[in-house]
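Text of the file upload04.txt, holding compact mmCIF, C-alpha atoms:
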# COMPACT_ATOMS: atom_id res chain seq x y z
CA MET G 24 -28.46 35.77 -21.02
CA PHE G 25 -26.00 33.38 -22.65
CA LYS G 26 -23.28 34.22 -20.09
CA ALA G 27 -25.63 33.56 -17.17
CA GLU G 28 -26.53 30.13 -18.56
CA ILE G 29 -22.84 29.21 -18.97
CA MET G 30 -22.11 30.28 -15.38
CA ARG G 31 -25.08 28.28 -14.09
CA THR G 32 -23.98 25.20 -16.07
CA LEU G 33 -20.42 25.53 -14.75
CA SER G 34 -21.64 25.86 -11.17
CA TYR G 35 -23.83 22.75 -11.56
CA PHE G 36 -20.91 20.89 -13.09
CA THR G 37 -18.60 21.93 -10.22
CA ILE G 38 -21.10 20.84 -7.59
CA PHE G 39 -21.63 17.59 -9.47
CA LEU G 40 -17.89 16.86 -9.59
CA ILE G 41 -17.44 17.59 -5.90
CA LEU G 42 -20.37 15.40 -4.85
CA THR G 43 -19.28 12.59 -7.18
CA GLY G 44 -15.75 12.83 -5.83
CA PHE G 45 -16.94 12.43 -2.26
CA ALA G 46 -19.29 9.60 -3.18
CA SER G 47 -16.88 7.57 -5.27
CA SER G 48 -13.44 8.07 -3.76
CA CYS G 49 -12.52 5.15 -1.58
CA ILE G 50 -9.92 5.61 1.11
CA LEU G 51 -7.50 2.70 1.17
CA GLN G 52 -5.21 2.37 4.15
CA ALA G 53 -1.95 0.50 3.90
CA PRO G 54 1.46 0.58 5.54
CA LYS G 55 4.58 1.02 3.45
CA TYR G 56 5.87 -2.44 2.70
CA SER G 57 8.48 -4.36 0.76
CA PRO G 58 7.86 -7.39 -1.45
CA VAL G 59 9.00 -10.75 -0.12
CA GLU G 60 11.60 -10.98 -2.92
CA ASN G 61 13.55 -8.09 -1.33
CA VAL G 62 13.33 -9.68 2.13
CA LEU G 63 14.95 -12.85 0.80
CA LYS G 64 18.03 -10.81 -0.26
CA LEU G 65 18.79 -9.67 3.31
CA GLN G 66 22.05 -10.90 4.79
CA LEU G 67 23.63 -10.95 8.22
CA GLY G 68 26.23 -8.20 8.70
CA MET G 69 24.36 -5.56 6.67
CA SER G 70 24.01 -2.05 8.10
CA GLN G 71 20.67 -0.40 8.87
CA ASP G 72 21.05 1.88 5.84
CA GLU G 73 21.74 -1.12 3.58
CA VAL G 74 18.65 -2.93 4.93
CA SER G 75 16.40 0.10 4.35
CA ALA G 76 17.87 0.63 0.87
CA LEU G 77 17.38 -3.03 -0.07
CA LEU G 78 13.81 -3.14 1.26
CA LYS G 79 13.12 0.35 -0.21
CA ILE G 80 11.21 1.40 2.92
CA PRO G 81 12.08 2.93 6.28
CA PRO G 82 11.57 0.92 9.48
CA HIS G 83 7.93 0.67 10.54
CA ASP G 84 8.61 0.69 14.28
CA LEU G 85 11.18 0.04 17.01
CA LYS G 86 10.46 -3.18 18.90
CA SER G 87 13.21 -3.01 21.53
CA LYS G 88 16.53 -1.39 22.37
CA ASP G 89 19.05 -2.27 25.04
CA THR G 90 22.81 -2.52 25.53
CA SER G 91 23.02 -5.64 23.35
CA GLY G 92 21.46 -3.88 20.33
CA TYR G 93 18.07 -2.99 18.93
CA VAL G 94 15.27 -4.59 16.92
CA LEU G 95 13.51 -2.71 14.13
CA ILE G 96 10.22 -3.79 12.58
CA TYR G 97 9.77 -3.65 8.82
CA LYS G 98 6.67 -4.69 6.90
CA TYR G 99 6.60 -6.97 3.90
CA ARG G 100 3.82 -8.53 1.93
CA LEU G 101 3.52 -12.12 0.85
CA THR G 102 2.94 -13.07 -2.76
CA GLU G 103 0.03 -15.43 -3.19
CA ARG G 104 -1.69 -17.04 -6.12
CA ASN G 105 -5.38 -16.76 -7.01
CA THR G 106 -6.65 -19.86 -8.80
CA ILE G 107 -9.89 -21.58 -9.64
CA PRO G 108 -9.92 -24.85 -7.65
CA LEU G 109 -10.66 -26.92 -10.75
CA PHE G 110 -7.48 -25.77 -12.46
CA MET G 111 -4.99 -25.89 -9.58
CA GLY G 112 -1.53 -26.67 -10.81
CA PRO G 113 2.00 -25.45 -10.15
CA ASN G 114 1.86 -22.80 -12.90
CA ASN G 115 -1.85 -21.88 -12.89
CA GLY G 116 -3.36 -18.78 -11.39
CA VAL G 117 -2.59 -15.11 -11.11
CA LYS G 118 -0.13 -13.54 -8.69
CA ALA G 119 -1.87 -11.62 -5.92
CA ARG G 120 -0.71 -9.69 -2.90
CA GLY G 121 -1.06 -11.56 0.35
CA LYS G 122 -1.21 -10.32 3.91
CA TRP G 123 1.29 -8.05 5.64
CA VAL G 124 3.99 -9.70 7.74
CA ASP G 125 6.20 -8.19 10.44
CA LEU G 126 9.92 -8.51 9.79
CA PHE G 127 12.09 -8.19 12.91
CA VAL G 128 15.66 -7.21 12.11
CA THR G 129 18.05 -7.32 15.07
CA PHE G 130 21.05 -5.00 14.95
CA SER G 131 24.19 -5.05 17.10
CA PRO G 132 25.25 -1.88 18.97
CA GLU G 133 27.54 -1.21 15.97
CA GLY G 134 24.50 -1.22 13.65
CA LYS G 135 25.07 -4.57 11.89
CA VAL G 136 22.34 -7.19 11.32
CA THR G 137 22.70 -10.12 13.74
CA ALA G 138 19.30 -11.81 13.26
CA ILE G 139 16.32 -11.75 10.89
CA ASN G 140 12.92 -13.08 12.01
CA SER G 141 9.38 -12.72 10.72
CA CYS G 142 6.00 -13.10 12.34
CA SER G 143 2.82 -13.50 10.34
CA GLU G 144 0.64 -13.98 13.44
CA CYS G 145 1.75 -10.93 15.42
CA GLY G 146 -1.55 -9.07 15.20
CA ASP G 147 -3.13 -6.52 12.95
CA THR G 148 -1.03 -4.12 10.96
CA GLU G 149 -1.22 -0.52 12.12
CA ILE G 150 -2.53 1.74 9.40
CA ARG G 151 -0.36 4.76 8.65
CA GLU G 152 -1.00 6.09 5.20
CA ARG G 153 -4.18 7.00 3.31
CA ARG G 154 -4.64 7.40 -0.40
CA ILE G 155 -7.56 7.87 -2.73
CA ASP G 156 -8.25 4.99 -5.08
CA THR G 157 -8.10 6.87 -8.39
CA LYS G 158 -9.30 3.88 -10.44
CA VAL G 159 -12.59 3.79 -8.54
CA PHE G 160 -12.92 7.58 -8.73
CA VAL G 161 -12.39 7.71 -12.50
CA THR G 162 -14.50 4.60 -13.19
CA LEU G 163 -17.49 6.00 -11.32
CA THR G 164 -17.07 9.65 -12.28
CA LEU G 165 -16.36 9.42 -16.01
CA PRO G 166 -19.81 8.07 -17.05
CA TYR G 167 -21.54 10.86 -15.11
CA VAL G 168 -19.36 13.50 -16.75
CA LEU G 169 -20.07 12.08 -20.20
CA VAL G 170 -23.82 12.01 -19.52
CA PHE G 171 -23.67 15.57 -18.17
CA LEU G 172 -21.81 16.83 -21.24
CA LYS G 173 -24.20 15.03 -23.56
CA LEU G 174 -27.23 16.74 -21.94
CA ASP G 175 -26.09 20.20 -23.01

Could you show the structure in this file as structure tokens?
Amino acid sequence: MFKAEIMRTLSYFTIFLILTGFASSCILQAPKYSPVENVLKLQLGMSQDEVSALLKIPPHDLKSKDTSGYVLIYKYRLTERNTIPLFMGPNNGVKARGKWVDLFVTFSPEGKVTAINSCSECGDTEIRERRIDTKVFVTLTLPYVLVFLKLD
């Protein structure tokens, strides 16, 4: 009798966790990106490997390629500041991530950087990667688990 009740409780708990997981896990979609601080360190004459190592991301896409070279697209994200309008000042506010920006890096046929351009108005960012927001999952799931354990 006692073993059957434990098995029933465990099965309810498993079903509860699965349903809570589906209900509370948010799917966030974001491309791999570099912070603007890394973009500012780019220099003409760097190789493609040096650019990717400095930005810490692979190229997002190939924009064009011809006999004069090729243009790779990287993504970076602006750093913005959230403030309350009443307290706007040069040092007030909290750093926040801004929107994604396309970074066009032009390479010569030898693979050296010849130009660096960015475009913040080039359209929506293509979504490539999905991840579960674990903070939301834990925040919404933990109270239910505690209530469930307290009921026994």

Atom CA of G:Lys135 sits from atom CA of G:Gln71 at a separation of 6.8 Å

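From atom CA of G:Leu65 back to atom CA of G:Leu101, the distance works out to 15.7 Å.
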
Need the shell around G:Gly92: protein/DNA/RNA residues with any atom at most 10 Å away, counting all atoms listed in the file. Skip same-chain ones fewer than 4 positions apart. Format as a ChimeraX atom specification? /G:87-88,129-137

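For the pair atom CA of G:Asp89 and atom CA of G:Lys64, the separation is 26.7 Å.
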
Shell around G:Tyr97 at 12 Å using all atoms listed in the file, local window under 2 positions removed, as an MDAnalysis selection string: chainID G and resid 54:59 61:62 71 74:75 77:86 94:95 99:100 123:129 139:142 148:149
